[in-house]
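K.L.:
I'd like to ask you about the structure that follows.
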Amino acid sequence: MSDSGFNSWEEKQFYNAYLTVWMALCLTLVLSLFLVMLDGVRRNGARLETECVAEIGLQSIMAEYHRELMRQYNLFAIDASYGTAFCSKTNVEAHLRKYLEKNLSYEDIFLSDFIYRDFLALHLERTELQKISILTDHAGGVFRRCAIEAIKDDVGLGLLEEIQEWLRIVKVNGLEEGRQEQIKSELDEEIDSYDGMEIEIEENVWETMYVDNPTRSLEEKRKEGILKLVVGEEEALSQKVLHTENLIGNRMRQDQINYGNMPQKEQTGMESLIEKFFFQEYLLCYMGRYGMPKDQGALSYQMEYVIAGNESDVDNLKSIANRICAIREVANALYLMSDEEKMTEIQVAAELVCTLITLPELTPLLEAVILLGWAYAESVYDVKSLLAGGKIPLLKDRDSWHYGLSAALGGDLKEDTQEGEGLCYEDYMRIFMMFMDIDVMTARAMDVVEADIRSTPGNALFRLDGCYEALEAYIHIGSSYGYEFEITRQKSYH
């Protein structure tokens with residue numbers, strides 16, 4: 001036997017062939033395992049890269065929020081027009097496609113003269129925005145929700161309890177009815193009907209009686225207009241005018257807006273009340289008003305527009321001032337009727353006038369006229385105080401009453417105001433907004449926002465119904481190795 005242990009040459013060849021087959025089988029198994037593992041690595045790596053690229057692309061889209069909208073109103077939304085006249089989700093899809101393709105490409109990673117092979121070989125097949133949520137959806141409900149998210153951490157619900165108490169007082173006492181001016185006008189007409197009346201003072205002796213209405217000076221003042229009485233000349237006020245024909249509120253009424261397709265949760269009664277409270281606090285925080293005007297805005301007195309809905313600052317302020325004055329007239333008349341001392345003053349004044357004109361039957365009528373005139377004079381002072389930054393309680397007492405009867409009937413309503421205690425101008429606005437329809441208030445608020453953004457450089461074509469607050473994207477990515485991945489993701493600012 002040779003040193004190799006083989007008896008013959010044939011045995012040696014047989015043994016070598018055995019090893020070759022064994023090695024071939026082992027290499028086949030190892031190579032198969034390696035290829036399976038390589039395919040798994042490639043597949044899982046491709047899936048991971050697909051998810052990462054999709055996340056990066058969507059985050060990049062959300063980072064394109066409108067900067068001016070965020071700066072002025074702390075609202076985050078994508079402007080689907082990107083500053084152009086064409087507002088469509090296809091613009092957002094094009095931006096998303098660009099980000100996805102850029103992140104799937106390796107061309108910028110390697111040098112141009114470097115030969116490489118993409119291990120994953122992924123490419124974008126298709127991307128589509130399946131769902132979008134626009135700020136104007138659900139009659140502005142999305143806009144309200146975003147506004148509430150921006151303010152709710154800064155406002156406590158204790159204020160809501162105060163507002164509810166104010167509303168209770170207003171409703172119980174009928175302060176919102178505001179019919180005192182009409183009643184006063186009817187009483188004045190009745191008194192005037194006695195003016196020039198022929199009465200018989202002796203048999204066949206007639207005399208013409210002239211009735212001088214003790215509140216005539218006050219009525220002359222009323223005709224000048226509330227703004228002249230409480231702030232002076234209207235020329236000193238903001239003269240801005242908002243043309244609403246092309247704004248979102250009018251487009252919504254004519255159904256000329258874009259719509260999203262994301263559902264919104266239905267709310268209970270209490271949730272609606274809380275939503276309304278937070279929304280109006282948001283408006284008071286971010287919009288201008290008399291005393292704190294937004295000089296760079298399309299309107300300076302924006303809150304007055306939200307409540308009154310007129311196109312000019314002057315008309316809106318006039319509307320609010322008249323409305324506050326109407327509330328104050330009712331409240332002040334109620335106080336006068338509850339104060340025995342002041343009612344005695346009114347009766348004495350009325351009896352004196354009737355004695356002079358020898359018409360005692362006019363006493364009750366004159367008492368009512370004097371009472372309403374006194375209440376109006378006090379109301380003018382109240383409105384003036386509120387616009388000057390003071391406070392006035394909903395229901396007055398002897399300590400908070402200002403005018404005496406003679407001063408009030410004299411018609412000199414130019415006295416300086418005092419700070420006082422009670423409700424401020426903003427608080428009366430809170431009461432008015434609580435009585436408003438939430439959709440009307442929202443539409444006017446969106447008018448203001450849209451007009452303000454349009455007045456800034458580069459945003460002349462801005463539309464709130466082109467602002468996406470949330471989206472759902474479908475992304476289909478393929479690979480040259482035969483893999484396909486589909487991802488559906490939602491992104492929102494809240």
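As shown in the structure tokens, the chain order sets the letters A, B, ...; within each chain, residues go from 1, and ligands are also counted from 1 in the order they appear.
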Could you give me, as a tab-separated table, a per-residue list for segment 320-365 of chain A showing, wherever an atom lies at most 9 Å from an atom of segment 165-182 of chain A, the closest pair of atoms and their distance in Å to one decimal, using only C-alpha atoms and sorting by chain then residue number from low to high?
P.N.:
residue	atom	partner	partner_atom	distance
A:Arg323	CA	A:Gly178	CA	7.8
A:Cys325	CA	A:Gly178	CA	8.6
A:Ala326	CA	A:Gly178	CA	4.8
A:Ile327	CA	A:Leu175	CA	5.1
A:Arg328	CA	A:Leu175	CA	7.6
A:Glu329	CA	A:Gln180	CA	6.6
A:Val330	CA	A:Leu175	CA	5.5
A:Ala331	CA	A:Leu175	CA	6.2
A:Ala333	CA	A:Gln180	CA	8.7
A:Leu334	CA	A:Asn173	CA	8.4
K.L.:
For those residues, write N, CA and C atoms to a file as a PDB file, in the first residue's frame.
P.N.:
ATOM      1  N   ARG A 323     -75.550  98.753  19.521  1.00  0.00           N
ATOM      2  CA  ARG A 323     -76.047  97.540  20.166  1.00  0.00           C
ATOM      3  C   ARG A 323     -75.747  97.551  21.667  1.00  0.00           C
ATOM      4  N   CYS A 325     -75.333 100.265  23.396  1.00  0.00           N
ATOM      5  CA  CYS A 325     -76.184 101.324  23.943  1.00  0.00           C
ATOM      6  C   CYS A 325     -77.603 100.807  24.179  1.00  0.00           C
ATOM      7  N   ALA A 326     -78.095  99.958  23.282  1.00  0.00           N
ATOM      8  CA  ALA A 326     -79.442  99.405  23.445  1.00  0.00           C
ATOM      9  C   ALA A 326     -79.522  98.519  24.686  1.00  0.00           C
ATOM     10  N   ILE A 327     -78.499  97.707  24.902  1.00  0.00           N
ATOM     11  CA  ILE A 327     -78.464  96.875  26.108  1.00  0.00           C
ATOM     12  C   ILE A 327     -78.418  97.737  27.351  1.00  0.00           C
ATOM     13  N   ARG A 328     -77.585  98.769  27.302  1.00  0.00           N
ATOM     14  CA  ARG A 328     -77.429  99.636  28.460  1.00  0.00           C
ATOM     15  C   ARG A 328     -78.721 100.416  28.748  1.00  0.00           C
ATOM     16  N   GLU A 329     -79.443 100.807  27.732  1.00  0.00           N
ATOM     17  CA  GLU A 329     -80.700 101.528  27.948  1.00  0.00           C
ATOM     18  C   GLU A 329     -81.692 100.673  28.733  1.00  0.00           C
ATOM     19  N   VAL A 330     -81.819  99.407  28.341  1.00  0.00           N
ATOM     20  CA  VAL A 330     -82.747  98.532  29.051  1.00  0.00           C
ATOM     21  C   VAL A 330     -82.290  98.338  30.490  1.00  0.00           C
ATOM     22  N   ALA A 331     -80.997  98.048  30.655  1.00  0.00           N
ATOM     23  CA  ALA A 331     -80.471  97.801  32.000  1.00  0.00           C
ATOM     24  C   ALA A 331     -80.603  99.039  32.881  1.00  0.00           C
ATOM     25  N   ALA A 333     -82.763 101.548  32.512  1.00  0.00           N
ATOM     26  CA  ALA A 333     -84.167 101.806  32.801  1.00  0.00           C
ATOM     27  C   ALA A 333     -84.658 100.898  33.925  1.00  0.00           C
ATOM     28  N   LEU A 334     -84.204  99.638  33.920  1.00  0.00           N
ATOM     29  CA  LEU A 334     -84.585  98.713  34.994  1.00  0.00           C
ATOM     30  C   LEU A 334     -84.079  99.209  36.345  1.00  0.00           C
TER      31      LEU A 334
END
K.L.:
Per residue of segment 217-322 of chain A within 7 Å of segment 127-142 of chain A, what are the shortest atom pair and its distance in Å to one decimal, counting only C-alpha atoms, with rows by chain and residue number, as CSV?
P.N.:
residue,atom,partner,partner_atom,distance
A:Tyr259,CA,A:Asp137,CA,6.1
A:Gly260,CA,A:Ser133,CA,4.9
A:Asn261,CA,A:Lys131,CA,5.6
A:Met262,CA,A:Ser133,CA,5.4
K.L.:
Could you give me, as a ChimeraX atom specification, each residue of segment 25-138 of chain A that DSSP assigns to helix (DSSP H, G or I) when run on this structure's backbone?
P.N.:
/A:25-62,67-73,89-104,137-138
K.L.:
Go through A:Asp427, A:Asp465, A:Asp399, A:Glu190 and flag the residue nearest Leu160 of chain A, using only C-alpha atoms for the distances.
P.N.:
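Answer, going by the shortest atom-to-atom distance: A:Asp427.
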K.L.:
When DSSP is applied to the backbone of this structure, which of segment 133-236 of chain A are assigned strand (DSSP E or B)? Write them out as a list in words.
P.N.:
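Selection result, strand (DSSP E or B) within segment 133-236 of chain A: Ser133, Ile134, Met197, Glu198, Ile199, Glu200, Ile201, Glu202, Val205, Trp206, Glu207, Thr208 and Met209 of chain A.
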K.L.:
Take atom CA of Gln254 of chain A and atom CA of Phe86 of chain A and report the distance between them in Å, one decimal.
P.N.:
19.5 Å
K.L.:
Which one is closest to Glu93 of chain A: A:Ile487, A:Ala77, A:Ile61, A:Ala451? Count only C-alpha atoms.
P.N.:
A:Ile61
K.L.:
Can you pull out every residue within 10 Å of Leu362 of chain A, counting only C-alpha atoms, but drop anything in the same chain fewer than 2 positions away, and send it as a ChimeraX atom specification?
P.N.:
/A:190-191,194,211,350-351,353-355,357-360,364-367
K.L.:
May I ask which of the residues A:Ile163, A:Arg216, A:Arg43, A:Leu229 is the closest one to Leu423 of chain A, counting only C-alpha atoms?
P.N.:
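Among the listed residues, the smallest separation from Leu423 of chain A belongs to A:Ile163.
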